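Undergrad: Input file: work-v2.tsv. Contents: TSV, C-alpha atoms and all ligand atoms.
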```tsv
chain	number	residue	atom	x	y	z
H	1	THR	CA	-12.12	-24.49	-31.84
H	2	ARG	CA	-9.04	-24.32	-29.62
H	3	SER	CA	-5.70	-23.98	-31.41
H	4	THR	CA	-3.21	-26.85	-31.24
H	5	ARG	CA	0.17	-26.71	-29.47
H	6	PRO	CA	2.07	-26.69	-32.80
H	7	GLN	CA	-0.13	-23.80	-34.01
H	8	ARG	CA	0.61	-21.83	-30.82
H	9	LEU	CA	4.32	-22.52	-31.30
H	10	LEU	CA	4.13	-21.31	-34.93
H	11	LYS	CA	2.34	-18.12	-33.81
H	12	ALA	CA	5.13	-17.40	-31.32
H	13	VAL	CA	7.73	-17.82	-34.11
H	14	GLN	CA	5.81	-15.53	-36.48
H	15	LYS	CA	5.42	-12.94	-33.70
H	16	LYS	CA	8.88	-13.03	-32.05
H	17	ALA	CA	11.49	-14.47	-34.45
H	18	ILE	CA	13.40	-12.63	-37.21
H	19	LYS	CA	12.28	-13.88	-40.64
H	20	GLY	CA	15.15	-15.60	-42.49
H	21	ASP	CA	17.21	-16.04	-39.30
H	22	PRO	CA	17.36	-19.74	-38.29
H	23	GLN	CA	19.09	-19.03	-34.96
H	24	SER	CA	16.34	-16.62	-33.92
H	25	VAL	CA	13.67	-19.22	-34.86
H	26	ILE	CA	15.50	-21.81	-32.71
H	27	SER	CA	15.88	-19.39	-29.75
H	28	THR	CA	12.24	-18.30	-29.99
H	29	ILE	CA	10.99	-21.90	-29.89
H	30	ASP	CA	13.26	-22.75	-26.94
H	31	TYR	CA	12.11	-19.67	-25.00
H	32	PHE	CA	8.44	-20.41	-25.73
H	33	CYS	CA	8.77	-24.08	-24.69
H	34	ARG	CA	10.69	-23.23	-21.52
H	35	HIS	CA	8.48	-20.32	-20.37
H	36	SER	CA	5.07	-20.76	-21.98
H	37	GLU	CA	4.26	-24.28	-23.13
H	38	TRP	CA	6.45	-27.41	-23.20
H	39	ALA	CA	6.70	-29.17	-26.57
H	40	MET	CA	8.65	-32.25	-27.70
H	41	ASN	CA	11.43	-30.48	-29.65
H	42	VAL	CA	14.92	-31.89	-29.12
H	43	GLY	CA	15.60	-28.58	-27.36
H	44	ASP	CA	18.69	-26.47	-26.65
H	45	GLU	CA	20.75	-28.85	-24.47
H	46	LYS	CA	20.42	-31.98	-26.63
H	47	GLY	CA	20.34	-29.63	-29.65
H	48	ALA	CA	23.91	-28.55	-28.92
H	49	ILE	CA	24.98	-32.23	-29.02
H	50	LEU	CA	23.04	-32.67	-32.29
H	51	ASP	CA	24.84	-29.60	-33.69
H	52	SER	CA	28.27	-30.98	-32.79
H	53	VAL	CA	27.56	-34.36	-34.42
H	54	VAL	CA	26.18	-32.69	-37.60
H	55	CYS	CA	29.27	-30.46	-37.81
H	56	GLU	CA	31.58	-33.45	-37.27
H	57	VAL	CA	29.83	-35.58	-39.93
H	58	SER	CA	29.20	-32.67	-42.33
H	59	PRO	CA	26.81	-34.98	-44.23
H	60	SER	CA	26.13	-34.82	-47.97
H	61	THR	CA	22.94	-36.84	-47.46
H	62	ALA	CA	20.92	-36.52	-44.22
H	63	LEU	CA	17.60	-38.03	-43.12
H	64	GLU	CA	15.39	-37.09	-40.15
H	65	LEU	CA	12.58	-39.38	-38.97
H	66	GLY	CA	9.91	-37.30	-37.23
H	67	THR	CA	9.75	-33.62	-38.20
H	68	TYR	CA	7.09	-32.51	-35.67
H	69	CYS	CA	7.28	-28.67	-35.86
H	70	GLY	CA	10.58	-28.53	-37.74
H	71	TYR	CA	12.80	-27.42	-34.86
H	72	SER	CA	15.51	-30.08	-35.36
H	73	ALA	CA	15.19	-29.82	-39.16
H	74	VAL	CA	16.11	-26.11	-38.84
H	75	ARG	CA	18.91	-26.97	-36.38
H	76	ILE	CA	20.40	-29.55	-38.75
H	77	ALA	CA	19.88	-27.68	-42.05
H	78	ARG	CA	21.48	-24.45	-40.78
H	79	LEU	CA	24.75	-26.39	-40.40
H	80	LEU	CA	24.71	-28.32	-43.70
H	81	PRO	CA	27.33	-27.52	-46.34
H	82	PRO	CA	25.99	-25.68	-49.42
H	83	GLY	CA	24.32	-27.94	-51.97
H	84	THR	CA	23.34	-30.58	-49.41
H	85	LYS	CA	19.79	-31.31	-48.24
H	86	LEU	CA	18.02	-32.72	-45.25
H	87	ILE	CA	15.16	-35.12	-46.02
H	88	THR	CA	12.67	-35.15	-43.15
H	89	LEU	CA	9.70	-37.50	-42.86
H	90	GLU	CA	6.44	-36.57	-41.09
H	91	PHE	CA	3.27	-38.69	-41.21
H	92	ASN	CA	0.98	-36.27	-39.31
H	93	PRO	CA	-0.38	-33.67	-41.79
H	94	ASP	CA	-1.08	-31.08	-39.08
H	95	TYR	CA	2.52	-31.30	-37.82
H	96	ALA	CA	3.79	-31.19	-41.43
H	97	ALA	CA	1.73	-28.06	-42.16
H	98	VAL	CA	3.19	-26.21	-39.15
H	99	ALA	CA	6.72	-27.48	-39.88
H	100	ARG	CA	6.57	-26.20	-43.47
H	101	GLN	CA	5.71	-22.72	-42.21
H	102	ILE	CA	8.43	-22.73	-39.54
H	103	ILE	CA	11.00	-24.01	-42.07
H	104	GLU	CA	9.94	-21.31	-44.55
H	105	TYR	CA	10.07	-18.62	-41.86
H	106	SER	CA	13.66	-19.67	-41.07
H	107	GLY	CA	14.59	-19.28	-44.78
H	108	LEU	CA	15.92	-22.86	-45.04
H	109	GLN	CA	13.27	-24.24	-47.40
H	110	ASP	CA	15.91	-24.86	-50.10
H	111	LYS	CA	17.93	-27.09	-47.75
H	112	ILE	CA	15.06	-29.12	-46.34
H	113	CYS	CA	12.83	-31.60	-48.19
H	114	LEU	CA	9.83	-32.38	-45.96
H	115	VAL	CA	8.01	-35.50	-47.16
H	116	GLU	CA	4.61	-36.43	-45.74
H	117	GLY	CA	4.38	-40.13	-45.03
H	118	ALA	CA	5.36	-42.91	-42.65
H	119	SER	CA	9.02	-43.96	-42.38
H	120	GLY	CA	8.16	-47.64	-43.00
H	121	ASP	CA	6.53	-46.76	-46.32
H	122	LEU	CA	9.03	-44.11	-47.47
H	123	ILE	CA	12.41	-45.63	-46.54
H	124	PRO	CA	12.15	-48.35	-49.24
H	125	LYS	CA	11.50	-45.62	-51.82
H	126	MET	CA	14.30	-43.24	-50.75
H	127	GLN	CA	16.76	-44.17	-53.53
H	128	GLU	CA	14.18	-43.77	-56.31
H	129	LEU	CA	12.46	-40.69	-54.77
H	130	PHE	CA	15.61	-38.71	-53.98
H	131	GLY	CA	18.26	-40.25	-56.23
H	132	ILE	CA	20.47	-41.09	-53.28
H	133	LYS	CA	22.58	-44.22	-52.83
H	134	THR	CA	23.41	-44.13	-49.12
H	135	LEU	CA	22.84	-41.87	-46.11
H	136	ASP	CA	25.70	-40.20	-44.22
H	137	PHE	CA	23.54	-39.16	-41.25
H	138	VAL	CA	20.18	-40.20	-39.78
H	139	PHE	CA	18.44	-38.41	-36.85
H	140	LEU	CA	15.77	-40.59	-35.22
H	141	ASP	CA	13.04	-38.71	-33.32
H	142	HIS	CA	9.76	-40.37	-34.35
H	143	TRP	CA	7.73	-43.09	-32.54
H	144	LYS	CA	10.14	-44.75	-30.15
H	145	ASP	CA	8.97	-48.27	-31.07
H	146	ARG	CA	9.82	-47.55	-34.72
H	147	TYR	CA	13.53	-46.82	-34.16
H	148	LEU	CA	14.62	-50.49	-34.27
H	149	PRO	CA	12.43	-51.69	-37.15
H	150	ASP	CA	13.41	-48.62	-39.17
H	151	ILE	CA	17.18	-49.03	-38.84
H	152	LYS	CA	16.77	-52.69	-39.80
H	153	LEU	CA	14.84	-51.41	-42.84
H	154	LEU	CA	17.62	-48.91	-43.62
H	155	GLU	CA	20.12	-51.82	-43.50
H	156	GLU	CA	17.94	-54.02	-45.74
H	157	CYS	CA	17.50	-51.19	-48.28
H	158	GLN	CA	21.30	-50.74	-48.36
H	159	LEU	CA	20.90	-47.11	-47.34
H	160	LEU	CA	23.69	-47.39	-44.75
H	161	ARG	CA	27.36	-47.57	-45.69
H	162	LYS	CA	30.53	-48.12	-43.62
H	163	GLY	CA	30.68	-45.00	-41.43
H	164	SER	CA	27.01	-43.89	-41.66
H	165	ILE	CA	26.06	-42.14	-38.42
H	166	LEU	CA	22.76	-42.70	-36.56
H	167	LEU	CA	21.80	-40.24	-33.81
H	168	ALA	CA	18.73	-41.19	-31.74
H	169	ASP	CA	16.78	-38.85	-29.44
H	170	ASN	CA	14.99	-39.96	-26.23
H	171	VAL	CA	16.88	-43.19	-25.62
H	172	ILE	CA	16.14	-42.75	-21.85
H	173	CYS	CA	12.91	-40.71	-21.77
H	174	PRO	CA	10.48	-41.87	-23.13
H	175	GLY	CA	13.10	-44.56	-23.86
H	176	THR	CA	13.90	-46.94	-26.69
H	177	PRO	CA	15.09	-50.10	-24.88
H	178	ASP	CA	14.97	-52.55	-27.80
H	179	TYR	CA	16.84	-50.08	-30.07
H	180	LEU	CA	19.53	-49.43	-27.44
H	181	GLU	CA	20.04	-53.15	-26.80
H	182	TYR	CA	20.44	-53.74	-30.55
H	183	VAL	CA	22.91	-50.97	-31.42
H	184	ARG	CA	24.95	-51.57	-28.24
H	185	ASN	CA	25.27	-55.34	-28.79
H	186	SER	CA	25.30	-55.70	-32.57
H	187	PRO	CA	28.79	-56.24	-34.06
H	188	ARG	CA	27.62	-54.04	-36.94
H	189	TYR	CA	27.51	-50.87	-34.80
H	190	GLU	CA	29.84	-48.90	-32.56
H	191	SER	CA	27.61	-46.97	-30.12
H	192	LYS	CA	28.11	-44.08	-27.68
H	193	TYR	CA	25.69	-42.48	-25.20
H	194	PHE	CA	25.58	-38.69	-24.75
H	195	LYS	CA	23.98	-38.01	-21.36
H	196	SER	CA	21.72	-34.96	-21.26
H	197	HIS	CA	18.21	-33.99	-20.13
H	198	LEU	CA	14.70	-34.19	-21.49
H	199	GLU	CA	14.09	-30.94	-23.36
H	200	TYR	CA	13.35	-27.97	-21.07
H	201	THR	CA	13.39	-30.18	-17.91
H	202	LYS	CA	15.77	-31.67	-15.31
H	203	VAL	CA	14.70	-35.23	-16.16
H	204	GLU	CA	17.54	-37.40	-17.50
H	205	ASP	CA	17.51	-38.21	-21.19
H	206	GLY	CA	20.22	-38.59	-23.81
H	207	LEU	CA	21.22	-39.18	-27.40
H	208	GLU	CA	22.75	-42.42	-28.69
H	209	LYS	CA	25.27	-42.03	-31.52
H	210	SER	CA	25.89	-45.22	-33.49
H	211	VAL	CA	28.33	-45.74	-36.36
H	212	PHE	CA	27.37	-48.44	-38.90
H	213	LEU	CA	30.45	-50.62	-39.44
H	214	GLY	CA	29.24	-52.20	-42.69
H	301	LIG	C1	6.31	-43.71	-38.55
H	301	LIG	N1	6.60	-42.29	-38.66
H	301	LIG	N2	7.21	-41.75	-39.73
H	301	LIG	C2	7.31	-40.43	-39.50
H	301	LIG	C3	6.73	-40.11	-38.25
H	301	LIG	C4	6.55	-38.92	-37.53
H	301	LIG	C5	5.91	-38.99	-36.30
H	301	LIG	C6	5.62	-37.71	-35.53
H	301	LIG	O1	6.63	-36.74	-35.74
H	301	LIG	C7	5.49	-37.97	-34.07
H	301	LIG	C8	4.24	-37.89	-33.48
H	301	LIG	C9	4.12	-38.17	-32.11
H	301	LIG	C10	5.23	-38.57	-31.36
H	301	LIG	C11	6.48	-38.65	-31.98
H	301	LIG	C12	7.68	-39.18	-31.25
H	301	LIG	N3	8.26	-38.32	-30.24
H	301	LIG	C13	7.92	-38.52	-28.96
H	301	LIG	O2	7.05	-39.33	-28.65
H	301	LIG	C14	8.64	-37.73	-27.93
H	301	LIG	C15	8.08	-37.69	-26.65
H	301	LIG	C16	8.69	-36.96	-25.63
H	301	LIG	C17	8.08	-36.93	-24.27
H	301	LIG	C18	8.89	-37.10	-23.14
H	301	LIG	C19	8.33	-37.05	-21.87
H	301	LIG	C20	6.97	-36.85	-21.73
H	301	LIG	F1	6.42	-36.80	-20.49
H	301	LIG	C21	6.15	-36.72	-22.85
H	301	LIG	C22	6.71	-36.75	-24.11
H	301	LIG	C23	9.89	-36.26	-25.87
H	301	LIG	C24	10.45	-36.32	-27.16
H	301	LIG	O3	11.63	-35.67	-27.44
H	301	LIG	C25	9.84	-37.06	-28.17
H	301	LIG	O4	10.46	-37.09	-29.40
H	301	LIG	C26	6.62	-38.34	-33.33
H	301	LIG	C27	5.48	-40.20	-35.77
H	301	LIG	C28	5.67	-41.39	-36.49
H	301	LIG	C29	6.30	-41.32	-37.73
H	302	MG	MG	12.44	-36.35	-29.26
```
Show me, as structure tokens, the structure contained in the file I just sent.
Ligand SMILES: Cn1ncc2cc([C@H](O)c3cccc(CNC(=O)c4cc(-c5ccc(F)cc5)cc(O)c4O)c3)ccc21
Ligand SMILES: [Mg+2]
TA:
Amino acid sequence: TRSTRPQRLLKAVQKKAIKGDPQSVISTIDYFCRHSEWAMNVGDEKGAILDSVVCEVSPSTALELGTYCGYSAVRIARLLPPGTKLITLEFNPDYAAVARQIIEYSGLQDKICLVEGASGDLIPKMQELFGIKTLDFVFLDHWKDRYLPDIKLLEECQLLRKGSILLADNVICPGTPDYLEYVRNSPRYESKYFKSHLEYTKVEDGLEKSVFLG
């Protein structure tokens, strides 16, 4: 049967990228998605904004919702200080299988903990599963209608502390209107929009960075 888009992306990485070199895995995926087949990675333009926020926060505990093929997990983990880990949640087993191989190819498997499951089920178990108290950084890139319920869940589970940073992909395209309205109007968040473009296109999109005020 026909291969899937994630499988074709993995094949390009295994063929073109340098094993153990995260930057070459990132560049290979961006080249493939720009010139061969579009895929919903955060991409190079929004990825540079993601990089700058990760470097600024330099998180000890980081969570990603929505691994897909592992592109943003590799982007984030390559910048994490030694001894820190990214926890990334993926509910689709086919995506998780490809992401594991791309993460391993990049050599970052010791800095990334990929957990198969849905955010709504796993978030309440984060403290017991990973022995963490609170999260310094959360990257949201899963189903757009789950962003709002999941940050409310993070609040309820006391996983956010004064100064925790949320960074949300696709707040314009496909769009997350209820999430944006909430973080921009809630007194518990200070929010800022980083204008950019939908990965590998000229369509407007952007990232919303929100600081939890406690
Ligand atoms: C509950 N839970 N817990 C973990 C978890 C993990 C997943 C999966 O990783 C998954 C599967 C399918 C879709 C997504 C969301 N991503 C998108 O839908 C998206 C779309 C576009 C776009 C834009 C323009 C187009 F024309 C088409 C697609 C551009 C983007 O950057 C995206 O991130 C995420 C899902 C629910 C999950
Ligand atoms: Mg996205």
Undergrad: Please find the residues contacting ligand LIG 301 (chain H) at a distance of at most 8 Å between atoms, with all atoms listed in the file counted, and report them as a list of chain:residue names.
TA: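 Residues lying within 8 Å of ligand LIG 301 (chain H): H:Ala39, H:Met40, H:Asn41, H:Val42, H:Leu65, H:Gly66, H:Thr67, H:Tyr68, H:Leu89, H:Glu90, H:Phe91, H:Asn92, H:Tyr95, H:Glu116, H:Gly117, H:Ala118, H:Ser119, H:Gly120, H:Asp141, H:His142, H:Trp143, H:Lys144, H:Arg146, H:Asp169, H:Asn170, H:Cys173, H:Pro174, H:Leu198, H:Glu199.
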Undergrad: Any idea what's packed within 6 Å of Leu63 (chain H), counting only C-alpha atoms, ignoring anything in its chain fewer than 6 positions away? Could you give it as a PyMOL selection string?
TA: chain H and resi 86-88+138
Undergrad: H:Ser60, H:Gln23, H:Ser164, H:Ser72: which is nearest ligand MG 302 (chain H), counting all atoms listed in the file?
TA: H:Ser72
Undergrad: Provide the CA of Ile76 (chain H) to CA of Asp94 (chain H) distance in Å, to one decimal place.
TA: 21.5 Å
Undergrad: Nearest to ligand MG 302 (chain H): which of H:Ser186, H:Ser58, H:Thr176, H:Gln101 is it, counting only C-alpha atoms and all ligand atoms?
TA: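 Answer, going by the shortest atom-to-atom distance: H:Thr176.
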Undergrad: Rank H:Ile165, H:Leu207, H:Cys69, H:Ala62 by their smallest atom-to-atom distance to Ala96 (chain H), using all atoms listed in the file, and report the top residue only.
TA: H:Cys69
